[in-house]
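Pasted below: work.cif, mmCIF, C-alpha atoms.
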data_upload
#
loop_
_atom_site.label_atom_id
_atom_site.label_comp_id
_atom_site.auth_asym_id
_atom_site.auth_seq_id
_atom_site.Cartn_x
_atom_site.Cartn_y
_atom_site.Cartn_z
CA MET A 195 -5.00 10.42 3.89
CA ALA A 196 -5.33 14.20 3.76
CA GLN A 197 -8.99 13.84 2.85
CA LYS A 198 -9.67 11.50 5.80
CA ILE A 199 -12.04 9.36 3.72
CA THR A 200 -13.41 6.35 5.58
CA PHE A 201 -15.57 3.46 4.42
CA PRO A 202 -18.91 3.21 6.27
CA PRO A 203 -18.76 1.03 9.41
CA ALA A 204 -19.38 -2.72 9.36
CA SER A 205 -22.72 -2.13 11.08
CA GLU A 206 -23.92 -0.70 7.74
CA ILE A 207 -23.49 -4.04 5.93
CA LYS A 208 -27.20 -4.82 5.87
CA PRO A 209 -30.11 -4.45 3.47
CA GLY A 210 -30.77 -0.73 3.09
CA GLY A 211 -27.52 0.15 4.85
CA ALA A 212 -24.67 2.26 3.52
CA LEU A 213 -22.93 -0.96 2.41
CA ASP A 214 -26.02 -2.90 1.29
CA PRO A 215 -24.75 -6.31 0.06
CA ALA A 216 -27.17 -6.11 -2.88
CA LYS A 217 -25.53 -2.90 -4.17
CA PHE A 218 -21.92 -2.92 -3.01
CA SER A 219 -19.11 -5.33 -3.85
CA ALA A 220 -17.47 -7.68 -1.41
CA GLU A 221 -14.30 -5.59 -1.73
CA ALA A 222 -16.11 -2.46 -0.52
CA ARG A 223 -17.64 -4.38 2.38
CA GLU A 224 -14.23 -5.89 3.23
CA TYR A 225 -12.88 -2.41 4.03
CA ALA A 226 -15.87 -1.39 6.19
CA GLY A 227 -14.87 1.14 8.84
CA GLN A 228 -11.33 1.54 7.46
CA GLN A 229 -9.72 4.77 6.33
CA VAL A 230 -8.73 5.07 2.67
CA ASP A 231 -4.95 5.06 3.12
CA THR A 232 -3.64 2.84 0.31
CA GLY A 233 -3.91 2.87 -3.46
CA GLU A 234 -5.94 -0.33 -3.43
CA LYS A 235 -8.46 1.11 -0.98
CA ALA A 236 -8.66 4.29 -3.09
CA GLN A 237 -9.51 2.21 -6.17
CA VAL A 238 -12.18 0.21 -4.33
CA TYR A 239 -13.72 3.35 -2.80
CA ALA A 240 -13.77 5.08 -6.20
CA ASN A 241 -15.06 2.17 -8.28
CA ASP A 242 -17.18 0.23 -5.81
CA PHE A 243 -18.56 2.93 -3.53
CA ILE A 244 -18.61 6.36 -5.20
CA ALA A 245 -19.49 4.96 -8.64
CA VAL A 246 -22.51 3.13 -7.21
CA HIS A 247 -23.77 6.34 -5.64
CA LEU A 248 -23.14 8.35 -8.81
CA ASP A 249 -25.16 5.86 -10.87
CA ALA A 250 -28.12 6.51 -8.56
CA VAL A 251 -27.97 10.32 -8.80
CA ALA A 252 -29.51 10.72 -12.26
CA ASN A 253 -30.41 7.20 -13.35
CA GLY A 254 -26.89 6.44 -14.54
CA GLN A 255 -26.41 9.62 -16.57
CA THR A 256 -22.98 11.23 -16.58
CA TYR A 257 -22.07 14.73 -15.44
CA SER A 258 -21.80 15.81 -19.06
CA GLN A 259 -25.33 14.67 -19.86
CA VAL A 260 -26.90 16.18 -16.74
CA SER A 261 -24.92 19.40 -17.05
CA ALA A 262 -26.09 19.86 -20.65
CA ALA A 263 -29.69 19.32 -19.54
CA ALA A 264 -29.23 21.77 -16.64
CA LEU A 265 -27.83 24.42 -18.98
CA ALA A 266 -30.79 23.90 -21.33
CA ASP A 267 -33.22 24.36 -18.41
CA PRO A 268 -31.58 26.81 -15.96
CA THR A 269 -34.70 27.02 -13.77
CA ASN A 270 -34.65 23.29 -12.97
CA THR A 271 -32.97 23.14 -9.56
CA THR A 272 -33.11 19.33 -9.50
CA LEU A 273 -30.92 19.14 -12.61
CA ALA A 274 -28.57 21.80 -11.22
CA ASN A 275 -28.19 19.89 -7.95
CA GLN A 276 -27.64 16.61 -9.79
CA ALA A 277 -25.00 18.23 -11.99
CA ASN A 278 -23.26 19.64 -8.92
CA THR A 279 -23.33 16.26 -7.14
CA LEU A 280 -22.07 14.41 -10.21
CA PHE A 281 -19.29 16.96 -10.75
CA ARG A 282 -18.04 16.64 -7.20
CA GLY A 283 -18.40 12.86 -7.17
CA GLU A 284 -16.63 12.36 -10.49
CA THR A 285 -13.88 14.72 -9.40
CA LEU A 286 -13.29 12.84 -6.15
CA ARG A 287 -13.49 9.53 -8.00
CA GLY A 288 -10.90 10.74 -10.52
CA LEU A 289 -8.57 11.95 -7.77
CA LEU A 290 -8.81 8.62 -5.95
CA LEU A 291 -8.12 6.67 -9.15
CA ASN A 292 -5.17 8.97 -9.82
CA ALA A 293 -3.83 8.12 -6.35
CA TYR A 294 -4.32 4.43 -7.13
CA GLY A 295 -2.44 4.78 -10.42
CA TRP A 296 0.51 6.48 -8.75
CA SER A 297 0.56 3.84 -6.04
CA GLN A 298 0.92 1.24 -8.79
CA ILE A 299 3.80 3.17 -10.35
CA GLY A 300 5.44 3.42 -6.93
CA MET A 301 5.08 -0.33 -6.42
CA TYR A 302 6.61 -1.09 -9.83
CA ALA A 303 9.46 1.34 -9.15
CA PHE A 304 10.08 -0.32 -5.77
CA PHE A 305 10.37 -3.79 -7.31
CA ALA A 306 12.50 -2.42 -10.15
CA ALA A 307 14.80 -0.86 -7.55
CA ILE A 308 15.15 -4.22 -5.80
CA GLY A 309 15.97 -5.94 -9.09
CA LEU A 310 18.47 -3.27 -10.09
CA THR A 311 20.12 -3.42 -6.66
CA ILE A 312 20.56 -7.18 -7.03
CA ALA A 313 21.97 -6.67 -10.53
CA ALA A 314 24.38 -3.98 -9.27
CA ILE A 315 25.57 -6.27 -6.48
CA ALA A 316 26.14 -9.05 -9.05
CA VAL A 317 28.15 -6.69 -11.28
CA LEU A 318 30.17 -5.49 -8.28
CA GLY A 319 30.82 -9.12 -7.32
CA ALA A 320 32.00 -9.88 -10.85
CA LEU A 321 34.32 -6.85 -10.76
CA VAL A 322 35.81 -7.90 -7.42
CA PHE A 323 36.24 -11.46 -8.72
CA GLU A 324 38.03 -10.23 -11.86
CA LEU A 325 40.31 -7.97 -9.81
CA VAL A 326 41.23 -10.82 -7.45
CA VAL A 327 41.96 -13.14 -10.38
CA ALA A 328 44.03 -10.46 -12.14
CA LEU A 329 46.04 -9.72 -8.99
CA ARG A 330 46.71 -13.43 -8.42
CA ARG A 331 47.91 -13.86 -11.98
CA ALA A 332 50.10 -10.78 -11.66
CA SER A 333 51.74 -12.16 -8.53
CA GLU A 334 52.64 -15.47 -10.20
CA PRO A 335 56.34 -15.71 -11.16
CA GLY A 336 57.07 -15.00 -14.81
CA ARG A 337 53.74 -13.25 -15.46
CA GLU A 338 55.09 -9.70 -15.21
CA ARG A 339 56.05 -9.59 -18.88
CA GLU A 340 52.64 -10.87 -20.06
CA LEU A 341 50.76 -8.16 -18.24
CA ALA A 342 52.98 -5.34 -19.46
#

Taking this structure as input, can you express it in the form of structure tokens?
Amino acid sequence: MAQKITFPPASEIKPGGALDPAKFSAEAREYAGQQVDTGEKAQVYANDFIAVHLDAVANGQTYSQVSAAALADPTNTTLANQANTLFRGETLRGLLLNAYGWSQIGMYAFFAAIGLTIAAIAVLGALVFELVVALRRASEPGRERELA
């Protein structure tokens, strides 16, 4: 949310638009106009929006490949610009996927907490039950000697 990343608006779901149906997944189009504020949206934006744009920057080459070529030819401004764009895009993509990963961990921890709370309540119930049974047995006549 701090980055205020937003999917392009629904009006861009058209041939040649920012969410061209021929290029972008249904998931990316589903979030049209929405802010990236959940782990799931971060994953879709990273994998189905940024990745598509990065593939178009240098014919599918990675930052590492383009950067090596740019270092070999330091006067080629096209390669330098492509390397810069790929570096920034891959960095943002990695950060968004990191956010998605942590959202998954948070979700698993939440469900584990619910399960552990239920288990703790069950154990507490068993303890209370055993204490009630023990106190009833202790109050029965003639049971004092057995408990001692």

(Q) For a quick check of understanding, using all atoms listed in the file, which of A:Leu291, A:Ala250, A:Val260, A:Ala277 has the smallest distance to Val230 in chain A? (A) A:Leu291

Q.
Need the shell around Asn241 in chain A: protein/DNA/RNA residues with any atom at most 12 Å away, counting all atoms listed in the file. Skip same-chain ones fewer than 3 positions apart. Format as a PyMOL selection string?
A. chain A and resi 218-219+221-222+234-238+244-249+283-284+286-291+294

Q: Work out how far apart CA of Gly295 in chain A and CA of Asp242 in chain A are and give it in Å to one decimal.
A: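 Straight-line distance from CA of Gly295 in chain A to CA of Asp242 in chain A works out to 16.1 Å.
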
Q. Quick one: which residues end up in the PyMOL selection byres ((chain A and resi 203) around 8) for this structure, as a list in words?
A.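 Taken on the displayed file, the PyMOL selection byres ((chain A and resi 203) around 8) yields the residues Phe201, Pro202, Ala204, Ser205, Glu206, Ile207, Ala226, Gly227 and Gln228 of chain A.
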
Q: Determine the nearest neighbour of Ala220 in chain A from the options A:Tyr239, A:Gly233, A:Val251, A:Asp267, counting all atoms listed in the file.
A: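 Answer, going by the shortest atom-to-atom distance: A:Tyr239.
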
Q | Length of the CA of Ala252 in chain A to CA of Asn278 in chain A vector [Å] | A |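 Interatomic distance here is 11.4 Å.
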
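From CA of Phe304 in chain A back to CA of Ala320 in chain A, the distance works out to 24.4 Å.
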
Q) Out of A:Gln255, A:Ser297, A:Phe243, A:Arg282, which residue has the shortest atom-to-atom distance to Lys217 in chain A when counting all atoms listed in the file? A)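 For Lys217 in chain A, the nearest of the given residues is A:Phe243.
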
Q | From A:Trp296, A:Arg223, A:Val326, A:Phe305, residue lying nearest Lys208 in chain A [only C-alpha atoms] | A | A:Arg223

Write out as a compact mmCIF listing (two decimals) with C-alpha atoms, keeping the file's coordinate frame each polymer residue whose atoms come within 10 Å of Gln197 in chain A, counting only C-alpha atoms; drop sequence neighbours fewer than 3 positions from it.
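Written out: around.txt:
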# COMPACT_ATOMS: atom_id res chain seq x y z
CA THR A 200 -13.41 6.35 5.58
CA GLN A 229 -9.72 4.77 6.33
CA VAL A 230 -8.73 5.07 2.67
CA ASP A 231 -4.95 5.06 3.12

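Residue nearest Tyr225 in chain A, chosen from A:Ala264, A:Leu321, A:Ile199, A:Ala274 and counting only C-alpha atoms: A:Ile199.
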